[in-house]
Amino acid sequence: MKKKRYYLNTAKYLKLGSNVWADRIFSSSVVNGTYSFHASSSAFTEFWNDSFWSGQNTTCRKLSRRQVAAAYVQETIRRVAQSSGCQLTIADNLPIDQVTKEAFENLGENGIIRSAQDHFCSECTHPYKATADQIIREDPAALLGVDIDIHQPIPALTGPDAEMSVPDASIINSEPLRAEEGSPVKMVVLDGIVMGPTHCAWDDCSNDLKNARTG
């Protein structure tokens, strides 16, 4: 019979390593710091060691990135499980990557956030509008981010796709500005990766990279 590990929602201390334990105040600070400051595990580790470990006369080792990541995973697992009214039980001695997969399988509910499923408020729910309240009647070329004086006319869009902007400009200038109300529109949380454009790091070079991972 395989051993099971129970992630008790009422646990006061969490095991972050073979000989490292932390209370729920620390694990909650990791989660709060991650969301409030968009901090990574490495950034929070550096902040914690520079702010607390370096100023203490102690012989213990610095906090590691893996331990911070473990605190985040264990705290969030218990928060989701508590809001779902259950406790996570999985096989013992699983690597952290497998723990997150098992947690999603048992608590993920196909990506639905149950605590927000029936939530409606004036901040996240608004009446549907077919058009924006204010539309600047300019050529779509203005959306390309050309750095010019705002008092100067916007230059015409040139290039192979210039003709595609002509119908858009005529629609914007011909349709009246109005806001139609219909069914409410609710904010939805999506999980994804946001990253800037990747290009060559050589001076004055803006060519796309063939391999953005290794340069």
# chains A, B, ... in the order shown; residues from 1 in each chain; ligands from 1

$ select_by_dssp --residues "range 36-134 of chain A" --states "helix (DSSP H, G or I)" --output "PyMOL selection string"
chain A and resi 36-37+41-53+65-84+96-107+109-111+114-117

$ residues_around --residues "range 75-77 of chain A" --least-positions-apart "5" --cutoff "9 Å" --atoms "only C-alpha atoms" --output "list in words"
Tyr7, Asn9, Leu14, Arg24, Ser27, Ser28, Val30, Val31, Ala70, Gln82, Leu88, Thr100, Ala103 and Leu107 of chain A

$ write_last_selection --atoms "all heavy atoms" --output "CSV table (one decimal), in the first residue's frame"
chain,number,residue,atom,x,y,z
A,7,TYR,N,-2.5,17.2,3.0
A,7,TYR,CA,-2.2,18.6,3.1
A,7,TYR,C,-3.3,19.2,4.0
A,7,TYR,O,-4.4,19.7,3.4
A,7,TYR,CB,-2.2,19.3,1.7
A,7,TYR,CG,-0.9,18.9,0.9
A,7,TYR,CD1,-0.8,17.7,0.3
A,7,TYR,CD2,0.2,19.8,0.9
A,7,TYR,CE1,0.3,17.3,-0.4
A,7,TYR,CE2,1.3,19.4,0.2
A,7,TYR,CZ,1.4,18.2,-0.5
A,7,TYR,OH,2.5,17.9,-1.2
A,9,ASN,N,-5.5,21.7,5.9
A,9,ASN,CA,-5.8,23.1,5.8
A,9,ASN,C,-5.5,23.9,7.1
A,9,ASN,O,-5.3,25.1,7.0
A,9,ASN,CB,-7.2,23.4,5.3
A,9,ASN,CG,-7.5,22.7,4.0
A,9,ASN,OD1,-6.7,22.5,3.2
A,9,ASN,ND2,-8.8,22.4,3.8
A,14,LEU,N,4.6,24.5,7.8
A,14,LEU,CA,4.8,23.8,6.5
A,14,LEU,C,6.2,23.4,6.3
A,14,LEU,O,7.1,24.2,6.6
A,14,LEU,CB,4.3,24.7,5.4
A,14,LEU,CG,2.9,25.4,5.5
A,14,LEU,CD1,2.6,26.3,4.3
A,14,LEU,CD2,1.8,24.3,5.6
A,24,ARG,N,2.7,29.7,9.0
A,24,ARG,CA,1.8,30.2,7.9
A,24,ARG,C,1.9,31.7,7.7
A,24,ARG,O,1.5,32.2,6.6
A,24,ARG,CB,0.3,29.8,8.3
A,24,ARG,CG,0.1,28.3,8.4
A,24,ARG,CD,0.2,27.6,7.1
A,24,ARG,NE,-0.8,28.0,6.2
A,24,ARG,CZ,-2.0,27.4,6.1
A,24,ARG,NH1,-2.3,26.4,6.9
A,24,ARG,NH2,-2.9,27.8,5.2
A,27,SER,N,4.5,31.8,4.9
A,27,SER,CA,4.0,31.3,3.6
A,27,SER,C,2.9,32.3,3.0
A,27,SER,O,2.8,32.5,1.8
A,27,SER,CB,3.4,29.9,3.8
A,27,SER,OG,2.3,29.9,4.7
A,28,SER,N,2.2,32.9,3.9
A,28,SER,CA,1.2,33.9,3.5
A,28,SER,C,1.9,35.1,2.9
A,28,SER,O,1.4,35.7,1.9
A,28,SER,CB,0.3,34.3,4.6
A,28,SER,OG,-0.5,33.2,5.0
A,30,VAL,N,4.7,35.1,1.4
A,30,VAL,CA,5.2,34.7,0.0
A,30,VAL,C,4.1,34.9,-1.0
A,30,VAL,O,4.3,35.5,-2.1
A,30,VAL,CB,5.7,33.3,0.0
A,30,VAL,CG1,6.1,32.8,-1.4
A,30,VAL,CG2,7.0,33.2,0.9
A,31,VAL,N,2.9,34.4,-0.7
A,31,VAL,CA,1.8,34.5,-1.6
A,31,VAL,C,1.4,36.0,-1.8
A,31,VAL,O,1.2,36.5,-2.9
A,31,VAL,CB,0.6,33.7,-1.1
A,31,VAL,CG1,-0.6,33.9,-2.0
A,31,VAL,CG2,0.9,32.2,-1.1
A,70,ALA,N,8.3,26.3,-2.7
A,70,ALA,CA,7.6,25.3,-1.9
A,70,ALA,C,6.6,25.9,-1.0
A,70,ALA,O,5.4,25.4,-0.9
A,70,ALA,CB,8.5,24.4,-1.2
A,82,GLN,N,-9.3,24.9,1.0
A,82,GLN,CA,-10.2,25.4,2.1
A,82,GLN,C,-11.4,26.0,1.5
A,82,GLN,O,-12.6,25.9,1.9
A,82,GLN,CB,-9.5,26.3,3.0
A,82,GLN,CG,-10.3,26.8,4.2
A,82,GLN,CD,-9.5,27.6,5.1
A,82,GLN,OE1,-8.3,28.0,4.9
A,82,GLN,NE2,-10.1,28.0,6.3
A,88,LEU,N,-6.6,18.2,0.3
A,88,LEU,CA,-5.9,17.5,-0.7
A,88,LEU,C,-5.1,16.3,-0.1
A,88,LEU,O,-4.4,16.4,0.9
A,88,LEU,CB,-4.9,18.4,-1.4
A,88,LEU,CG,-4.0,17.8,-2.5
A,88,LEU,CD1,-4.9,17.3,-3.7
A,88,LEU,CD2,-3.0,18.8,-3.0
A,100,THR,N,2.1,20.0,-8.0
A,100,THR,CA,1.2,21.0,-8.6
A,100,THR,C,0.2,20.3,-9.6
A,100,THR,O,-0.9,20.7,-9.7
A,100,THR,CB,2.0,22.0,-9.3
A,100,THR,OG1,2.9,21.4,-10.2
A,100,THR,CG2,2.9,22.8,-8.3
A,103,ALA,N,-2.4,18.6,-7.6
A,103,ALA,CA,-3.3,19.6,-7.0
A,103,ALA,C,-4.3,20.1,-8.0
A,103,ALA,O,-5.5,20.3,-7.7
A,103,ALA,CB,-2.5,20.7,-6.4
A,107,LEU,N,-8.1,19.8,-7.5
A,107,LEU,CA,-8.8,21.1,-7.1
A,107,LEU,C,-9.0,22.0,-8.2
A,107,LEU,O,-9.7,23.0,-8.0
A,107,LEU,CB,-7.9,21.8,-6.0
A,107,LEU,CG,-7.5,20.9,-4.8
A,107,LEU,CD1,-6.4,21.7,-4.0
A,107,LEU,CD2,-8.7,20.6,-4.0

$ atom_distance --atom1 "CA of Asn106 in chain A" --atom2 "CA of Cys86 in chain A"
9.9 Å
